[in-house]
file work16.txt (compact mmCIF, C-alpha atoms)
# COMPACT_ATOMS: atom_id res chain seq x y z
CA MET A 1 72.28 8.41 121.88
CA ILE A 2 70.57 9.12 125.21
CA ASP A 3 73.68 7.91 127.04
CA PHE A 4 75.81 10.20 124.86
CA LEU A 5 73.63 13.21 125.67
CA LYS A 6 73.62 12.26 129.35
CA ARG A 7 77.42 12.11 129.36
CA PHE A 8 77.53 15.44 127.52
CA GLY A 9 75.32 17.06 130.17
CA LEU A 10 77.24 15.49 133.01
CA GLY A 11 80.49 16.62 131.36
CA ILE A 12 79.32 20.24 131.54
CA LEU A 13 78.27 19.72 135.16
CA TYR A 14 81.61 18.13 136.08
CA ILE A 15 83.54 21.00 134.47
CA LEU A 16 81.49 23.51 136.48
CA VAL A 17 81.91 21.57 139.72
CA SER A 18 85.57 20.60 139.16
CA PRO A 19 87.19 23.64 140.91
CA PHE A 20 85.24 22.83 144.09
CA ALA A 21 85.99 19.11 143.75
CA ILE A 22 89.71 19.81 143.32
CA ALA A 23 89.71 22.17 146.32
CA PHE A 24 87.94 19.48 148.37
CA LEU A 25 90.44 16.85 147.22
CA VAL A 26 93.40 19.07 148.13
CA LEU A 27 91.99 19.73 151.60
CA TRP A 28 91.27 16.04 152.10
CA THR A 29 94.81 15.20 150.94
CA LEU A 30 96.22 17.55 153.58
CA TYR A 31 94.02 15.85 156.17
CA THR A 32 95.23 12.39 155.05
CA ILE A 33 98.87 13.53 155.30
CA VAL A 34 98.20 14.44 158.94
CA VAL A 35 96.45 11.07 159.39
CA PHE A 36 99.45 9.31 157.84
CA ILE A 37 101.90 11.01 160.21
CA ILE A 38 99.72 10.23 163.26
CA GLU A 39 99.38 6.57 162.22
CA LEU A 40 103.13 6.38 161.61
CA ILE A 41 103.94 7.76 165.08
CA HIS A 42 101.36 5.43 166.61
CA GLY A 43 102.86 2.41 164.79
CA ILE A 44 106.45 3.28 165.72
CA ARG A 45 105.48 3.75 169.36
CA SER A 46 103.65 0.45 169.36
CA PHE A 47 106.62 -1.29 167.70
CA PHE A 48 109.11 -0.03 170.28
CA LYS A 49 106.83 -1.18 173.08
CA GLY A 50 107.42 -4.71 171.81
CA ARG A 51 104.11 -5.14 170.04
CA LYS A 52 103.29 -5.35 166.34
CA PHE A 53 103.56 -2.19 164.23
CA PHE A 54 99.78 -2.28 163.97
CA ASP A 55 97.98 -4.14 166.73
CA GLU A 56 94.49 -5.37 166.09
CA PHE A 57 91.77 -3.13 167.42
CA PRO A 58 90.15 -4.35 170.69
CA GLU A 59 86.75 -4.24 168.96
CA ASP A 60 87.99 -6.58 166.23
CA ILE A 61 89.46 -9.03 168.76
CA GLU A 62 86.20 -9.07 170.71
CA ALA A 63 84.18 -9.56 167.51
CA LYS A 64 86.38 -12.45 166.42
CA LYS A 65 85.98 -14.11 169.81
CA ILE A 66 82.20 -13.83 169.71
CA LEU A 67 81.96 -15.04 166.11
CA ASN A 68 84.28 -18.00 166.82
CA LEU A 69 82.22 -18.97 169.85
CA GLU A 70 79.05 -18.84 167.77
CA GLN A 71 80.67 -20.91 165.05
CA PHE A 72 81.83 -23.69 167.38
CA ALA A 73 78.86 -23.60 169.74
CA PRO A 74 76.99 -26.99 169.99
CA SER A 75 73.72 -27.12 168.08
CA SER A 76 70.55 -26.84 170.15
CA THR A 77 68.85 -29.81 168.43
CA PRO A 78 68.49 -32.74 170.86
CA VAL A 79 70.33 -35.94 169.89
CA GLU A 80 67.33 -38.23 170.50
CA GLU A 81 65.15 -36.38 168.01
CA GLN A 82 67.81 -36.79 165.39
CA LYS A 83 67.90 -40.52 166.05
CA GLU A 84 64.18 -40.85 165.53
CA GLU A 85 64.39 -39.20 162.15
CA THR A 86 66.88 -41.73 160.80
CA PRO A 87 65.11 -44.38 158.67
CA GLN A 88 65.10 -47.92 160.04
CA VAL A 89 66.10 -50.77 157.75
CA MET B 1 70.12 46.24 118.50
CA ASN B 2 70.64 43.76 115.72
CA PHE B 3 74.10 42.66 114.69
CA LEU B 4 74.68 41.35 111.24
CA ILE B 5 77.62 38.98 111.26
CA ALA B 6 79.02 38.00 107.91
CA LEU B 7 80.72 34.64 108.23
CA THR B 8 83.19 33.60 105.60
CA GLU B 9 83.60 29.94 104.64
CA ASN B 10 86.75 29.76 106.75
CA ASP B 11 84.96 31.22 109.79
CA LYS B 12 82.20 28.64 109.45
CA ARG B 13 84.75 25.83 109.37
CA ILE B 14 86.47 27.18 112.48
CA LEU B 15 83.11 27.54 114.23
CA ILE B 16 82.12 23.94 113.42
CA ALA B 17 85.53 22.66 114.51
CA LEU B 18 85.32 24.56 117.81
CA GLY B 19 81.78 23.27 118.43
CA LEU B 20 82.82 19.67 117.78
CA LEU B 21 85.88 20.10 119.99
CA LEU B 22 83.75 21.44 122.84
CA ILE B 23 81.25 18.57 122.53
CA LEU B 24 84.13 16.08 122.50
CA ILE B 25 85.69 17.65 125.62
CA PHE B 26 82.37 17.60 127.51
CA VAL B 27 81.70 13.96 126.59
CA ILE B 28 85.25 12.89 127.53
CA VAL B 29 84.92 14.70 130.87
CA GLY B 30 81.54 13.00 131.37
CA TYR B 31 83.09 9.58 130.83
CA ILE B 32 86.03 10.42 133.12
CA GLY B 33 83.46 11.36 135.78
CA LEU B 34 81.70 8.03 135.23
CA LEU B 35 85.02 6.21 135.65
CA VAL B 36 85.77 8.07 138.90
CA GLU B 37 82.24 7.36 140.17
CA ARG B 38 82.53 3.62 139.46
CA THR B 39 86.02 3.44 140.97
CA MET B 40 84.80 5.14 144.14
CA LYS B 41 81.83 2.75 144.41
CA ARG B 42 84.21 -0.21 144.12
CA GLN B 43 86.56 1.30 146.71
CA ALA B 44 83.66 2.00 149.07
CA LYS B 45 82.74 -1.69 149.22
CA ARG B 46 85.84 -2.27 151.37
CA ALA B 47 84.18 -0.23 154.14
CA GLY B 48 81.38 -2.80 154.43
CA ILE B 49 83.85 -5.68 154.53
CA MET B 50 86.02 -4.16 157.24
CA MET B 51 83.04 -3.23 159.42
CA HIS B 52 81.11 -6.47 159.00
CA ASP B 53 82.48 -8.49 161.93
CA VAL B 54 81.98 -5.86 164.63
CA VAL B 55 78.38 -5.33 163.54
CA ALA B 56 77.61 -9.04 163.12
CA ALA B 57 79.01 -9.78 166.59
CA LYS B 58 77.10 -6.79 167.98
CA VAL B 59 80.25 -5.30 169.47
CA ILE B 60 79.17 -1.95 168.05
CA THR B 61 75.54 -1.13 168.57
CA ASN B 62 75.07 2.53 167.76
CA PRO B 63 75.82 4.83 164.81
CA ARG B 64 78.16 7.11 166.73
CA ALA B 65 80.46 4.27 167.79
CA PHE B 66 80.21 2.87 164.27
CA ILE B 67 81.47 6.11 162.71
CA LYS B 68 84.22 6.47 165.29
CA PHE B 69 85.48 2.92 164.82
CA GLY B 70 85.01 3.19 161.04
CA ARG B 71 87.23 6.27 160.99
CA LYS B 72 89.97 4.45 162.91
CA LYS B 73 89.85 1.46 160.56
CA ASN B 74 89.70 3.70 157.50
CA ASN B 75 92.77 5.67 158.64
CA ARG B 76 94.73 2.51 159.27
CA LEU B 77 93.80 1.04 155.91
CA PHE B 78 94.81 4.34 154.31
CA PHE B 79 98.23 4.09 155.95
CA LYS B 80 98.70 0.56 154.65
CA GLN B 81 97.70 1.60 151.13
CA ALA B 82 99.58 4.91 151.07
CA TYR B 83 102.98 4.12 152.55
CA ILE B 84 104.46 3.02 149.21
CA PRO B 85 103.50 6.24 147.36
CA PHE B 86 104.74 8.25 150.34
CA LEU B 87 108.07 6.37 150.16
CA ILE B 88 108.29 7.12 146.42
CA LEU B 89 107.66 10.82 147.08
CA LEU B 90 110.23 10.71 149.89
CA LEU B 91 112.75 9.20 147.46
CA ALA B 92 112.17 12.16 145.12
CA LEU B 93 112.84 14.55 148.00
CA ILE B 94 116.03 12.70 148.99
CA ILE B 95 117.31 12.77 145.40
CA TYR B 96 116.61 16.51 145.26
CA ILE B 97 118.55 17.08 148.50
CA ILE B 98 121.49 14.94 147.27
CA TYR B 99 121.53 16.81 143.95
CA GLY B 100 121.42 20.18 145.72
CA ALA B 101 124.16 19.18 148.15
CA VAL B 102 126.45 17.85 145.40
CA THR B 103 126.00 20.60 142.79
CA ARG B 104 125.17 23.52 145.15
CA ASN B 105 122.24 24.22 142.83
CA TRP B 106 119.07 24.42 144.88
CA LYS B 107 117.08 25.98 142.04
CA LEU B 108 116.63 22.85 139.97
CA ASN B 109 114.06 23.38 137.22
CA ILE B 110 112.71 19.88 136.64
CA PHE B 111 110.74 20.99 133.56
CA ASP B 112 113.63 22.64 131.74
CA TYR B 113 114.26 21.24 128.23
CA GLN B 114 117.82 22.45 127.66
CA ASN B 115 120.16 21.46 130.51
CA GLU B 116 118.70 20.04 133.69
CA GLY B 117 115.02 19.16 133.26
CA PHE B 118 113.04 16.06 132.40
CA SER B 119 111.71 17.78 129.26
CA THR B 120 115.04 17.09 127.53
CA LEU B 121 113.55 13.64 126.92
CA LEU B 122 110.38 15.02 125.33
CA PHE B 123 109.27 16.67 122.13
CA ILE B 124 108.65 20.37 122.88
CA TRP B 125 106.67 22.70 120.65
CA ASN B 126 106.82 26.45 121.02
CA PHE B 127 103.27 27.56 121.74
CA LYS B 128 104.52 31.06 122.60
CA ASP B 129 105.37 31.82 118.99
CA PRO B 130 103.01 34.65 117.93
CA LYS B 131 103.11 33.55 114.28
CA ILE B 132 100.96 30.45 114.93
CA TYR B 133 97.97 32.44 116.21
CA ILE B 134 95.29 33.95 114.01
CA ASP B 135 92.73 36.61 114.82
CA TRP B 136 89.12 35.38 114.76
CA PHE B 137 86.46 37.97 115.66
CA GLY B 138 88.89 39.64 118.07
CA ILE B 139 89.90 36.36 119.69
CA LYS B 140 93.36 34.93 119.18
CA ILE B 141 93.12 31.24 118.42
CA ILE B 142 95.76 28.79 117.32
CA GLY B 143 95.85 28.53 113.53
CA ASN B 144 99.09 26.75 112.68
CA TRP B 145 101.21 23.87 113.96
CA PRO B 146 103.77 25.30 116.46
CA PRO B 147 107.49 24.98 115.63
CA LEU B 148 109.43 22.13 117.24
CA ILE B 149 112.11 23.47 119.59
CA ASN B 150 113.33 20.27 121.24
CA THR B 151 113.72 16.64 120.24
CA PRO B 152 114.41 13.95 122.89
CA HIS B 153 118.08 13.87 123.89
CA PHE B 154 119.88 12.56 126.95
CA VAL B 155 121.78 15.06 129.14
CA TRP B 156 123.90 13.85 132.06
CA THR B 157 123.38 17.05 134.05
CA ALA B 158 119.67 16.29 134.18
CA TRP B 159 120.07 12.95 136.01
CA ALA B 160 118.26 14.21 139.11
CA SER B 161 115.22 15.28 137.08
CA TYR B 162 115.12 11.89 135.36
CA ILE B 163 114.56 10.29 138.76
CA ILE B 164 112.56 13.02 140.49
CA VAL B 165 109.89 13.58 137.80
CA PRO B 166 108.85 9.89 137.38
CA CYS B 167 108.83 9.54 141.18
CA LEU B 168 106.61 12.60 141.58
CA PHE B 169 104.34 11.44 138.78
CA ILE B 170 103.90 7.83 139.95
CA GLY B 171 103.82 8.70 143.66
CA GLY B 172 101.38 11.56 143.07
CA ILE B 173 98.89 9.52 141.06
CA TRP B 174 99.14 6.57 143.44
CA LEU B 175 98.58 8.87 146.41
CA PHE B 176 95.62 10.49 144.63
CA VAL B 177 93.99 7.06 144.14
CA THR B 178 94.49 6.14 147.82
CA VAL B 179 93.08 9.50 148.97
CA GLN B 180 90.11 8.96 146.69
CA ALA B 181 89.59 5.51 148.24
CA HIS B 182 89.79 7.07 151.71
CA ILE B 183 87.10 9.60 150.76
CA ALA B 184 84.89 6.87 149.26
CA ARG B 185 85.13 4.71 152.41
CA ALA B 186 84.52 7.68 154.72
CA PHE B 187 81.29 8.56 152.89
CA ARG B 188 80.22 4.90 152.80
CA ILE B 189 80.77 4.53 156.55
CA ARG B 190 78.61 7.59 157.21
CA LYS B 191 75.90 6.19 154.96
CA LEU B 192 76.05 2.74 156.56
CA ALA B 193 75.83 4.27 160.03
CA LYS B 194 72.47 5.74 159.06
CA THR B 195 71.06 2.54 157.56
CA VAL B 196 72.52 -0.32 159.65
CA PHE B 197 71.18 0.72 163.04
CA ASN B 198 67.99 2.49 162.07
CA PRO B 199 64.98 0.22 161.61
CA SER B 200 63.19 1.09 158.40
CA LEU B 201 59.50 0.81 157.57
CA ASP B 202 60.12 0.97 153.84
CA ASN B 203 59.33 -2.71 153.20
CA VAL B 204 56.63 -3.18 155.83
CA GLN B 205 52.93 -3.10 154.89
CA ILE B 206 50.65 -3.24 157.90
CA ASN B 207 47.62 -4.59 155.99
CA SER B 208 49.40 -7.39 154.19
CA PRO B 209 49.16 -10.91 155.72
CA LEU B 210 52.22 -12.30 157.48
CA GLN B 211 54.41 -14.20 155.08
CA ASN B 212 54.93 -17.14 157.46
CA ASN B 213 51.23 -17.88 157.57
CA GLN B 214 50.68 -17.71 153.86
CA PRO B 215 50.14 -21.14 152.37
CA THR B 216 52.63 -22.08 149.72
CA ASP B 217 51.56 -23.97 146.62
CA ASN B 218 52.77 -27.28 148.06
CA ASN B 219 50.87 -26.82 151.31
CA GLN B 220 47.75 -25.89 149.38
CA ASN B 221 48.02 -29.09 147.34
CA ASN B 222 48.39 -31.20 150.47
CA ILE B 223 45.30 -29.64 152.00
CA ASN B 224 43.24 -30.35 148.86
CA GLN B 225 44.34 -33.97 148.80
call {"tool": "encode", "arguments": {"input": "work16.txt", "output": "C-alpha cells"}}
result
Amino acid sequence: MIDFLKRFGLGILYILVSPFAIAFLVLWTLYTIVVFIIELIHGIRSFFKGRKFFDEFPEDIEAKKILNLEQFAPSSTPVEEQKEETPQV
Amino acid sequence: MNFLIALTENDKRILIALGLLLILIFVIVGYIGLLVERTMKRQAKRAGIMMHDVVAAKVITNPRAFIKFGRKKNNRLFFKQAYIPFLILLLALIIYIIYGAVTRNWKLNIFDYQNEGFSTLLFIWNFKDPKIYIDWFGIKIIGNWPPLINTPHFVWTAWASYIIVPCLFIGGIWLFVTVQAHIARAFRIRKLAKTVFNPSLDNVQINSPLQNNQPTDNNQNNINQ
C-alpha cells in the first residue's frame, strides 16, 4: 500500500516535471545528432587514412600496456624463501 | 460564498469514474518513471566499465581529464549504439524521396486513413463527432463510444507509408533509448569524477584503533594458550 501511494505521488511529480524532461531530452537529442555527425566524419577520415574506422584511444592503449606489464611482472617473493616453506618428507 | 451543488446519481458515478481514472493514470506514470529510472541506472553501469582501465592503470589522475576522456568514450559508444537506428531513419527518408520523385506528390500524409496513410491498416474511431460528448457541469466529456469510420484495409497507393511509419516508429524509439543511455552515462561520469579522485573521510574515525593491530579471535586464542 505504501509503495502504491509512493508511486501515486511520484506519478503526479513526473507529470508536473515531464514538460521540462521532454524539453531536456529533445535538446540532448539534438546534441547527440551533432555528436553522431562529428563521430561519423572522424571515422570516415580515419578510415581513408588507412586506419580502422575507430582507432583505440591513446589513453586506452597506454592503460592496456601498463595493466599487461603488471599482470606479467615477476613476483617479488624470493625463490629461496618459497623453498624453505615446502614440507620435507 | 457557499455553493450548494446537487449531484445526481449519474454525476456521482461520473465523478467516481474520473477519480479512479486519474489515480490509475498517476500510478501508471509513477511505474513508468520507475522503469525509466532503473533502465538508466543499468545503462549508467557501462560508464564504470569503460573507464575502469584508465583509472586502474593511473593513466588519468584528475577529475577534469576523467570527464574529458569519459565524454570522448561516451560519444563513441553512442555512435556504435545509434548507427542502426540512424540507418533506419535514413531509410524512411530515402523511401519518402523515392515516393515523391515517382508520384510527384511531396505532400504525403502518412497518417491518412483513406488513400495514402498508414492508418488504412488501423481501426479509426471518429472522436470529432459532437454526438458522443455530454455536458457535465459546463465541461464537455466523452459519454458514448465513438463511431467506427475505418476498418483495416490494404491500399496499394499507401505503400510508402507502410514502410515509412514502421521505420520512423522503430528508429525513433531505438534512438530514444540510445540517447537515454548517453544521458545516463554522462551523468554517471560526472558523478564518478567527483568520487574517484577525491579522498573521503566518511569511513574514517580518528579515535578508533587501527584495524591491522586489532587481535582477531584466532590470535587471541593463541595468546591465551
call {"tool": "residues_around", "arguments": {"input": "work16.txt", "residues": "Glu62 in chain A", "least_positions_apart": "6", "cutoff": "9 Å", "atoms": "only C-alpha atoms", "output": "PDB file with C-alpha atoms, in the coordinates of the input"}}
result
ATOM      1  CA  VAL B  54      81.980  -5.860 164.630  1.00  0.00           C
ATOM      2  CA  ALA B  57      79.010  -9.780 166.590  1.00  0.00           C
ATOM      3  CA  VAL B  59      80.250  -5.300 169.470  1.00  0.00           C
TER       4      VAL B  59
END
call {"tool": "closest_residue", "arguments": {"input": "work16.txt", "among": "B:Val177, B:Val165, B:Leu201, B:Ile110", "to": "chain A", "atoms": "all atoms listed in the file"}}
result
B:Val177
call {"tool": "residues_near_point", "arguments": {"input": "work16.txt", "point": "(94.7, 10.5, 151.8)", "cutoff": "10 Å", "atoms": "all atoms listed in the file", "output": "PDB file with C-alpha atoms, in the coordinates of the input"}}
result
ATOM      1  CA  LEU A  25      90.440  16.850 147.220  1.00  0.00           C
ATOM      2  CA  VAL A  26      93.400  19.070 148.130  1.00  0.00           C
ATOM      3  CA  LEU A  27      91.990  19.730 151.600  1.00  0.00           C
ATOM      4  CA  TRP A  28      91.270  16.040 152.100  1.00  0.00           C
ATOM      5  CA  THR A  29      94.810  15.200 150.940  1.00  0.00           C
ATOM      6  CA  LEU A  30      96.220  17.550 153.580  1.00  0.00           C
ATOM      7  CA  TYR A  31      94.020  15.850 156.170  1.00  0.00           C
ATOM      8  CA  THR A  32      95.230  12.390 155.050  1.00  0.00           C
ATOM      9  CA  ILE A  33      98.870  13.530 155.300  1.00  0.00           C
ATOM     10  CA  VAL A  34      98.200  14.440 158.940  1.00  0.00           C
ATOM     11  CA  VAL A  35      96.450  11.070 159.390  1.00  0.00           C
ATOM     12  CA  PHE A  36      99.450   9.310 157.840  1.00  0.00           C
TER      13      PHE A  36
ATOM     14  CA  ASN B  75      92.770   5.670 158.640  1.00  0.00           C
ATOM     15  CA  PHE B  78      94.810   4.340 154.310  1.00  0.00           C
ATOM     16  CA  PHE B  79      98.230   4.090 155.950  1.00  0.00           C
ATOM     17  CA  GLN B  81      97.700   1.600 151.130  1.00  0.00           C
ATOM     18  CA  ALA B  82      99.580   4.910 151.070  1.00  0.00           C
ATOM     19  CA  LEU B 175      98.580   8.870 146.410  1.00  0.00           C
ATOM     20  CA  PHE B 176      95.620  10.490 144.630  1.00  0.00           C
ATOM     21  CA  VAL B 177      93.990   7.060 144.140  1.00  0.00           C
ATOM     22  CA  THR B 178      94.490   6.140 147.820  1.00  0.00           C
ATOM     23  CA  VAL B 179      93.080   9.500 148.970  1.00  0.00           C
ATOM     24  CA  GLN B 180      90.110   8.960 146.690  1.00  0.00           C
ATOM     25  CA  ALA B 181      89.590   5.510 148.240  1.00  0.00           C
ATOM     26  CA  HIS B 182      89.790   7.070 151.710  1.00  0.00           C
ATOM     27  CA  ILE B 183      87.100   9.600 150.760  1.00  0.00           C
TER      28      ILE B 183
END
call {"tool": "interface_residues", "arguments": {"input": "work16.txt", "of": "chain A", "to": "chain B", "cutoff": "8 Å", "atoms": "only C-alpha atoms", "output": "list in words"}}
result
Phe4, Arg7, Phe8, Gly9, Leu10, Gly11, Ile12, Tyr14, Ile15, Leu25, Trp28, Thr29, Thr32, Val35, Phe36, Glu39, Leu40, Glu59, Asp60, Glu62, Ala63, Lys64, Ile66 and Leu67 of chain A
call {"tool": "atom_distance", "arguments": {"input": "work16.txt", "atom1": "CA of Leu77 in chain B", "atom2": "CA of Phe54 in chain A"}}
result
10.6 Å
call {"tool": "atom_distance", "arguments": {"input": "work16.txt", "atom1": "CA of Gly143 in chain B", "atom2": "CA of Phe123 in chain B"}}
result
19.9 Å
call {"tool": "residues_around", "arguments": {"input": "work16.txt", "residues": "Ile124 in chain B", "least_positions_apart": "2", "cutoff": "12 Å", "atoms": "only C-alpha atoms", "output": "PyMOL selection string"}}
result
chain B and resi 111-114+118-122+126-128+146-153
call {"tool": "write_last_selection", "arguments": {"input": "work16.txt", "atoms": "C-alpha atoms", "output": "PDB file, in the frame of the given file"}}
result
ATOM      1  CA  PHE B 111     110.740  20.990 133.560  1.00  0.00           C
ATOM      2  CA  ASP B 112     113.630  22.640 131.740  1.00  0.00           C
ATOM      3  CA  TYR B 113     114.260  21.240 128.230  1.00  0.00           C
ATOM      4  CA  GLN B 114     117.820  22.450 127.660  1.00  0.00           C
ATOM      5  CA  PHE B 118     113.040  16.060 132.400  1.00  0.00           C
ATOM      6  CA  SER B 119     111.710  17.780 129.260  1.00  0.00           C
ATOM      7  CA  THR B 120     115.040  17.090 127.530  1.00  0.00           C
ATOM      8  CA  LEU B 121     113.550  13.640 126.920  1.00  0.00           C
ATOM      9  CA  LEU B 122     110.380  15.020 125.330  1.00  0.00           C
ATOM     10  CA  ASN B 126     106.820  26.450 121.020  1.00  0.00           C
ATOM     11  CA  PHE B 127     103.270  27.560 121.740  1.00  0.00           C
ATOM     12  CA  LYS B 128     104.520  31.060 122.600  1.00  0.00           C
ATOM     13  CA  PRO B 146     103.770  25.300 116.460  1.00  0.00           C
ATOM     14  CA  PRO B 147     107.490  24.980 115.630  1.00  0.00           C
ATOM     15  CA  LEU B 148     109.430  22.130 117.240  1.00  0.00           C
ATOM     16  CA  ILE B 149     112.110  23.470 119.590  1.00  0.00           C
ATOM     17  CA  ASN B 150     113.330  20.270 121.240  1.00  0.00           C
ATOM     18  CA  THR B 151     113.720  16.640 120.240  1.00  0.00           C
ATOM     19  CA  PRO B 152     114.410  13.950 122.890  1.00  0.00           C
ATOM     20  CA  HIS B 153     118.080  13.870 123.890  1.00  0.00           C
TER      21      HIS B 153
END
call {"tool": "residues_around", "arguments": {"input": "work16.txt", "residues": "Phe53 in chain A", "least_positions_apart": "5", "cutoff": "8 Å", "atoms": "only C-alpha atoms", "output": "JSON, numbers by chain"}}
result
{"A": [43, 44, 46, 47]}
call {"tool": "atom_distance", "arguments": {"input": "work16.txt", "atom1": "CA of Arg42 in chain B", "atom2": "CA of Ile37 in chain A"}}
result
26.4 Å
call {"tool": "axis_aligned_box", "arguments": {"input": "work16.txt", "around": "range 113-123 of chain B", "padding_each_side": "8 Å", "output": "AutoDock Vina command-line options"}}
result
--center_x 114.7 --center_y 18.0 --center_z 127.9 --size_x 26.9 --size_y 24.8 --size_z 27.6
call {"tool": "closest_residue", "arguments": {"input": "work16.txt", "among": "B:Pro63, B:Gly70, B:Gly117, B:Gly19", "to": "Tyr162 in chain B", "atoms": "only C-alpha atoms"}}
result
B:Gly117
call {"tool": "closest_residue", "arguments": {"input": "work16.txt", "among": "B:Asn207, B:Leu168, B:Leu192, B:Ser200", "to": "Leu91 in chain B", "atoms": "only C-alpha atoms"}}
result
B:Leu168
call {"tool": "residues_around", "arguments": {"input": "work16.txt", "residues": "Gly171 in chain B", "least_positions_apart": "4", "cutoff": "9 Å", "atoms": "only C-alpha atoms", "output": "ChimeraX atom specification"}}
result
/B:84-89,166-167,175-176
call {"tool": "closest_residue", "arguments": {"input": "work16.txt", "among": "B:Lys131, B:Arg13, B:Lys140, B:Arg190", "to": "Gly48 in chain B", "atoms": "all atoms listed in the file"}}
result
B:Arg190
